[in-house]
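J.: Can you read through this structure? Questions will come right after.
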Amino acid sequence: MTKKITLLSLLFCTALGFTQQFDLIKNQSHTKIIYDQVIGLSDVAAHPKNTVTSNYYKQVYYELQRADNQNRFADHVLLNNETIRSSITHQLPLSIMVAEFESLSTEAIAREDVYKNNQDQWVAKPNAVVFNTHNLALAAPLNSSISTLTNTFLLKNNLVFNTTTKTISAILANFNDGQGWRTINFNQAFTVTFPNQATQKIDFQIQFTDGTTAANSAEIDYVPAVTLRNPGNTSAITSISATIPYQGVEDAAAYLGQGEYEIFYDNGNGVLDKPIILLDGFDPNDGRPIPAIYSLLNYGLTGQNLADDLRNQGFDVVILNFPNYTQTETGNVLSGGADYIQRNAMVLVELINQINALKVGNEKNVVIGPSMGGLIARYGLRYMEQNSLNHDTRLYLSFDAPHYGANIPIGFQHLFNYMANGPLGDATVQVFVDAMIKSNASRQMLIDQFEGHLAAGSTFEFDTAIVLPTGKPNFRSAFQNELNSMGFPTLTRNVAISNGSGNGTTNGTPDAVVMDHTFNITTTQRAIINLRFTPNTNTQNQVSRFRAQASVFGFWITAYESLANSKAPTTSAGLDSAPGGTFDISGLAGAAGSNALLTEFFNNLLVDSFNFIPTNSALAINIPNWYTPVTGASTTPFVAKHVPLTNENHVTLTQENTLFALNEILNNMFSVQEQAFADIAVQNPISNSINLTSSKAYTDVKMTLTDITGKIIFQLDHQAIEGAYQLPVNLTRGVYFLTLSNETGKITKKILKN
């Protein structure tokens, strides 16, 4: 019977990796790293890999760090920070890990040399050998991918971890670039040019002073950077620092934000005279640099691009990015794309000041803010007005921005945080949680955020009494109250695009089953995950449940579990299925990398999207029911809006909303150069003809019709216009420009074809 009990305990402790008490046998460990104290997702004790990825390397590191009783490893956050820092230094960090560690011997348990006492602690017989020793030596790049063939690598001495008595004498690497083996020296950067655009294999040798050698290989993916089709005349990417500091909730002092911008001059005179400032949105770890932001303006089936269209019409597009940067005051590495919205707004304030100083002429600015960028733009423009700073801006376009908050299903948040920070300790998921859910910006925007549900003293278990939606304490409410108090810019025309439906079309059904799947890890181990959307009005239900089970003598026993409940308020059903711009879950699948558990998770979801930016939030309609359709009676601060009939992916440009944006941007931009043709009116939108009316008679008129790119569709000379004039046309949907001219002057009229 004792043997059966200890086998059961072993299944709980080693097979599933469930943390147990090792205090009574720690002194019998000579390595002081007992692997069974953590859940071994990497399975490095039983099945170590010789060819590794950065994700695998980081997972092994995280497990050994937590299993080390002498705390000899740096916090695993260091590895992620160095990965982020590489986007600033453009030097890809390498890391080396040499360790001995131990796991409980199944033979010792079978012999009952080690067993559990009634306090659930391991006890060993005198002089019994209860551990198996494992040797590990790995080298790997910390970045999972490269975007160019020529790259600079660097091995810092603070990224070499050795908990053994062995001394490293040399480190060699073969990058399979035709240069053979090279010696890698600490803190000396070197350049490698890979031969092709493919997953690259790097071979490593770690040599020790005792004459032994360890070898392994690493793989790094090639993911080409986004390139612009026709960049035309552009400025260099320029760094910019705010001059107004901001102190966030958890900051020790007020700090200056940093950003970078690039000017894409118009395709005409190439002079900065009609600026359109486009801000980046939520972008943790700068996964979307400036070329990728530009490409997000693609629309239509023929590869059209809104920025290209605007540049063809004489506008200069200024893209503001919030990259990773080293904070001047503290030396900390920050992800600007997920930092406090107010601090990034101060960067926008400085950019507007600089653009106003650089631009030629008296044309006012246009500011476009997609997603979180819409909040940054709103805050920055209003801040300038309240502080007597001239933003010289005529139009503010908010593009699916969360003016009353954003949504990620609380069931997802509970599950991912449990996988990251609970007993599983999944390093890949932890990076996702820290960036997407725990960053300063997400804490400010998420209407329901998991940290507001945590039980006292826990980083991963929910307080079952907290079920109603609640934001991160000291973040969410404080930010929304400040935003509401400031209001909207008053010296601009404020318009909005929503990707959420306006007629009440939902994103699924409240309380819908999102996942009900059993993950068979081995023949004796499994995990069961249940997920649901948040429930219907004034209803409570379980939205997340995670169970880890072991098979013992044919019976599945739950070793540990965690769950989350949610209740919808009396005024509205849960947010997850409300009308709104959607979050495409398939876009996260790439983050799984080599993580088999995550890959299986995404493959078995029963939904492919959820409501991310509620329609009423995108339009700043302050009503308690998220499902209320948008009507002419809806109160919104925007003087014009575009709302689709169906829910679209968040910040997706369509033919329809692009026409809306162009109409707003181009409005009143084509004025009469002389008083001729001042009384001519054009009927918009058109169908199969262009209809003009004039109270005067005009002769010898030249008519030129161009599309948005400037291409001439047709020309007519020597036309006479008086009263009603009809020009039959066969145009596809889009924006066109009709120029009328004769010896007295000319005018350009905007034509809209729906």
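Chain labels run A, B, ... following the order of the structure tokens; each chain numbers its residues from 1, and ligands are numbered from 1 in the order shown.
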Determine, using only C-alpha atoms, which residues of region 570-609 of chain A have any atom at most 7 Å from an atom of region 625-633 of chain A, and tabulate each with its shortest atom pair and distance in Å to one decimal place, rows ordered by chain and then rising number, as JSON lines.

T.:
```
{"residue": "A:Thr571", "atom": "CA", "partner": "A:Asn625", "partner_atom": "CA", "distance": 5.6}
{"residue": "A:Ser572", "atom": "CA", "partner": "A:Asn625", "partner_atom": "CA", "distance": 4.6}
{"residue": "A:Ala578", "atom": "CA", "partner": "A:Tyr627", "partner_atom": "CA", "distance": 5.6}
{"residue": "A:Pro579", "atom": "CA", "partner": "A:Tyr627", "partner_atom": "CA", "distance": 6.2}
```

J.: Run DSSP on the backbone and tell me which residues of region 510-552 of chain A come out as strand (DSSP E); list them as a PyMOL selection string.

T.: chain A and resi 513-522+525-532+540-552

J.: May I ask for the distance between CA of Asn176 (chain A) and CA of Asn158 (chain A), given in Å to one decimal place?

T.: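 Pair CA of Asn176 (chain A) / CA of Asn158 (chain A) returns 26.0 Å.
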
J.: Find the distance between CA of Thr539 (chain A) and CA of Gly574 (chain A) and write it in Å to one decimal.

T.: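 CA of Gly574 (chain A) lies 9.1 Å from CA of Thr539 (chain A).
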
J.: Name the residues in contact with Pro48 (chain A) at a cut-off of 12 Å, using only C-alpha atoms, excluding same-chain residues fewer than 3 positions from it; report them as a PyMOL selection string.

T.: chain A and resi 40-45+51-52+56-57+60+134-138+216

J.: Selection from above, C-alpha atoms, as an mmCIF file, in the first residue's frame, can you write it?

T.:
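out_33.cif written:
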```cif
data_model
loop_
_atom_site.group_PDB
_atom_site.id
_atom_site.type_symbol
_atom_site.label_atom_id
_atom_site.label_comp_id
_atom_site.auth_asym_id
_atom_site.auth_seq_id
_atom_site.Cartn_x
_atom_site.Cartn_y
_atom_site.Cartn_z
ATOM 1 C CA GLY A 40 8.659 20.646 -16.611
ATOM 2 C CA LEU A 41 6.902 21.767 -19.764
ATOM 3 C CA SER A 42 10.195 21.520 -21.652
ATOM 4 C CA ASP A 43 10.678 17.930 -20.387
ATOM 5 C CA VAL A 44 14.393 18.658 -20.358
ATOM 6 C CA ALA A 45 15.139 16.001 -17.717
ATOM 7 C CA THR A 51 18.469 21.517 -31.610
ATOM 8 C CA VAL A 52 16.708 24.315 -29.787
ATOM 9 C CA TYR A 56 12.673 26.349 -25.792
ATOM 10 C CA TYR A 57 15.857 27.881 -24.372
ATOM 11 C CA VAL A 60 14.309 25.602 -19.846
ATOM 12 C CA HIS A 134 21.310 15.530 -15.460
ATOM 13 C CA ASN A 135 23.898 17.629 -17.295
ATOM 14 C CA LEU A 136 22.898 20.533 -19.499
ATOM 15 C CA ALA A 137 24.897 22.835 -21.760
ATOM 16 C CA LEU A 138 22.995 24.985 -24.260
ATOM 17 C CA ASN A 216 24.131 21.820 -29.595
#
```

J.: What does the structure give for the distance between CA of Asn185 (chain A) and CA of Ile146 (chain A), in Å to one decimal?

T.: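 So the answer is 21.7 Å.
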
J.: Among region 278-497 of chain A, which residues carry a DSSP assignment of helix (DSSP H, G or I), reported as a count of residues only?

T.: 95

J.: Fewer than 3 positions away in the same chain doesn't count, so skip those; otherwise give me all residues within 12 Å of Val367 (chain A), counting only C-alpha atoms, as a VMD selection string.

T.: chain A and resid 274 to 280 316 to 320 348 to 349 351 to 352 355 364 370 373 to 381 391 to 399 489 492 to 496 661 664 to 665

J.: Smallest atom-to-atom distance to Asp511 (chain A): which of A:Asp283, A:Glu461, A:Asp309, A:Asp576, using only C-alpha atoms?

T.: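 Under the stated criterion, the closest residue is A:Asp576.
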
J.: Pick from A:Asp177, A:Glu656, A:Glu600, A:Asp608: nearest to Val514 (chain A), with only C-alpha atoms counted?

T.: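 When distances to Val514 (chain A) are compared using only C-alpha atoms, the smallest one comes from A:Asp608.
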
J.: I'd like the contact shell of Asp400 (chain A) - 7 Å cut-off, only C-alpha atoms, skipping same-chain residues fewer than 3 positions apart - returned as a PyMOL selection string.

T.: chain A and resi 370-371+497-499+613+618+650-651

J.: Skipping near chain neighbours, those fewer than 3 positions away, what residues fall within 9 Å of Val129 (chain A) using only C-alpha atoms, listed as a list in words?

T.: Gln28, Ser105, Ala108, Asp113, Val114, Ala124, Lys125, Pro126 and Asn132 of chain A

J.: Pull N, CA, C and O atoms from the residues just selected and write them as a short mmCIF file (atom, residue, chain, number, x, y, z; two decimals), in the first residue's frame.

T.:
```cif
data_model
loop_
_atom_site.label_atom_id
_atom_site.label_comp_id
_atom_site.auth_asym_id
_atom_site.auth_seq_id
_atom_site.Cartn_x
_atom_site.Cartn_y
_atom_site.Cartn_z
N GLN A 28 20.16 16.53 0.41
CA GLN A 28 20.73 15.39 -0.29
C GLN A 28 20.95 15.69 -1.77
O GLN A 28 21.44 14.84 -2.50
N SER A 105 14.47 9.90 -8.39
CA SER A 105 14.71 8.60 -9.02
C SER A 105 13.47 7.72 -8.85
O SER A 105 13.02 7.47 -7.73
N ALA A 108 14.37 4.76 -6.81
CA ALA A 108 14.41 4.99 -5.36
C ALA A 108 13.01 4.98 -4.78
O ALA A 108 12.79 4.49 -3.65
N ASP A 113 13.05 3.97 -0.95
CA ASP A 113 14.14 4.71 -0.31
C ASP A 113 13.71 6.16 -0.06
O ASP A 113 14.32 6.86 0.75
N VAL A 114 12.69 6.62 -0.79
CA VAL A 114 12.12 7.94 -0.58
C VAL A 114 10.60 7.80 -0.64
O VAL A 114 10.06 7.06 -1.48
N ALA A 124 13.57 10.69 3.00
CA ALA A 124 14.51 9.70 2.46
C ALA A 124 15.11 8.87 3.58
O ALA A 124 15.35 9.36 4.69
N LYS A 125 15.36 7.63 3.28
CA LYS A 125 16.06 6.77 4.23
C LYS A 125 17.51 7.22 4.34
O LYS A 125 18.06 7.80 3.40
N PRO A 126 18.14 6.97 5.47
CA PRO A 126 19.55 7.37 5.64
C PRO A 126 20.42 6.78 4.54
O PRO A 126 20.29 5.61 4.17
N ASN A 132 18.42 11.44 -9.54
CA ASN A 132 19.20 11.25 -10.76
C ASN A 132 19.75 12.59 -11.19
O ASN A 132 19.06 13.62 -11.12
#
```

J.: Which residue is closest to Thr213 (chain A)? Choose from A:Ala307, A:Gln119, A:Ser95, A:Leu172 and count only C-alpha atoms.

T.: A:Leu172

J.: Give one line per residue of region 447-494 of chain A that approaches region 562-566 of chain A to at most 10 Å, naming the two atoms of the closest pair and their distance in Å to one decimal, counting only C-alpha atoms; sort by chain then ascending residue number and deliver it as a tab-separated table.

T.:
```
residue	atom	partner	partner_atom	distance
A:Phe450	CA	A:Ala564	CA	9.8
A:His453	CA	A:Ala564	CA	8.9
A:Leu454	CA	A:Ala564	CA	9.9
A:Phe460	CA	A:Ser562	CA	8.8
A:Glu461	CA	A:Ser562	CA	6.8
A:Phe462	CA	A:Ala564	CA	6.2
A:Asp463	CA	A:Ala564	CA	8.2
A:Thr464	CA	A:Asn565	CA	6.7
A:Ala465	CA	A:Asn565	CA	8.7
A:Ile466	CA	A:Ser566	CA	8.0
A:Val467	CA	A:Ser566	CA	4.5
A:Leu468	CA	A:Ser566	CA	6.1
A:Pro469	CA	A:Ser566	CA	7.5
```

J.: Could those residues be written to a file, using N, CA and C atoms, as a PDB file, in the first residue's frame?

T.:
```pdb
ATOM      1  N   PHE A 450      -7.796  40.991 -15.499  1.00  0.00           N
ATOM      2  CA  PHE A 450      -7.683  39.905 -14.527  1.00  0.00           C
ATOM      3  C   PHE A 450      -7.104  40.337 -13.191  1.00  0.00           C
ATOM      4  N   HIS A 453      -9.348  40.834 -10.371  1.00  0.00           N
ATOM      5  CA  HIS A 453     -10.060  39.656  -9.860  1.00  0.00           C
ATOM      6  C   HIS A 453      -9.187  38.768  -8.979  1.00  0.00           C
ATOM      7  N   LEU A 454      -7.896  39.079  -8.868  1.00  0.00           N
ATOM      8  CA  LEU A 454      -6.987  38.181  -8.163  1.00  0.00           C
ATOM      9  C   LEU A 454      -7.298  38.115  -6.669  1.00  0.00           C
ATOM     10  N   PHE A 460      -2.153  34.431  -9.465  1.00  0.00           N
ATOM     11  CA  PHE A 460      -2.838  33.691 -10.523  1.00  0.00           C
ATOM     12  C   PHE A 460      -4.208  33.137 -10.134  1.00  0.00           C
ATOM     13  N   GLU A 461      -4.534  33.004  -8.854  1.00  0.00           N
ATOM     14  CA  GLU A 461      -5.842  32.491  -8.477  1.00  0.00           C
ATOM     15  C   GLU A 461      -6.846  33.633  -8.325  1.00  0.00           C
ATOM     16  N   PHE A 462      -8.069  33.420  -8.824  1.00  0.00           N
ATOM     17  CA  PHE A 462      -9.108  34.435  -8.763  1.00  0.00           C
ATOM     18  C   PHE A 462      -9.850  34.380  -7.431  1.00  0.00           C
ATOM     19  N   ASP A 463     -10.286  35.537  -6.992  1.00  0.00           N
ATOM     20  CA  ASP A 463     -11.192  35.649  -5.856  1.00  0.00           C
ATOM     21  C   ASP A 463     -12.597  35.355  -6.369  1.00  0.00           C
ATOM     22  N   THR A 464     -13.193  34.270  -5.913  1.00  0.00           N
ATOM     23  CA  THR A 464     -14.489  33.846  -6.445  1.00  0.00           C
ATOM     24  C   THR A 464     -15.621  34.811  -6.114  1.00  0.00           C
ATOM     25  N   ALA A 465     -15.363  35.748  -5.196  1.00  0.00           N
ATOM     26  CA  ALA A 465     -16.403  36.721  -4.843  1.00  0.00           C
ATOM     27  C   ALA A 465     -16.417  37.909  -5.807  1.00  0.00           C
ATOM     28  N   ILE A 466     -15.354  38.082  -6.601  1.00  0.00           N
ATOM     29  CA  ILE A 466     -15.276  39.204  -7.544  1.00  0.00           C
ATOM     30  C   ILE A 466     -15.668  38.676  -8.918  1.00  0.00           C
ATOM     31  N   VAL A 467     -16.874  38.923  -9.329  1.00  0.00           N
ATOM     32  CA  VAL A 467     -17.376  38.348 -10.579  1.00  0.00           C
ATOM     33  C   VAL A 467     -17.797  39.406 -11.601  1.00  0.00           C
ATOM     34  N   LEU A 468     -18.186  40.574 -11.162  1.00  0.00           N
ATOM     35  CA  LEU A 468     -18.584  41.623 -12.101  1.00  0.00           C
ATOM     36  C   LEU A 468     -17.350  42.207 -12.791  1.00  0.00           C
ATOM     37  N   PRO A 469     -17.519  42.730 -14.010  1.00  0.00           N
ATOM     38  CA  PRO A 469     -16.373  43.322 -14.708  1.00  0.00           C
ATOM     39  C   PRO A 469     -15.710  44.417 -13.873  1.00  0.00           C
TER      40      PRO A 469
END
```
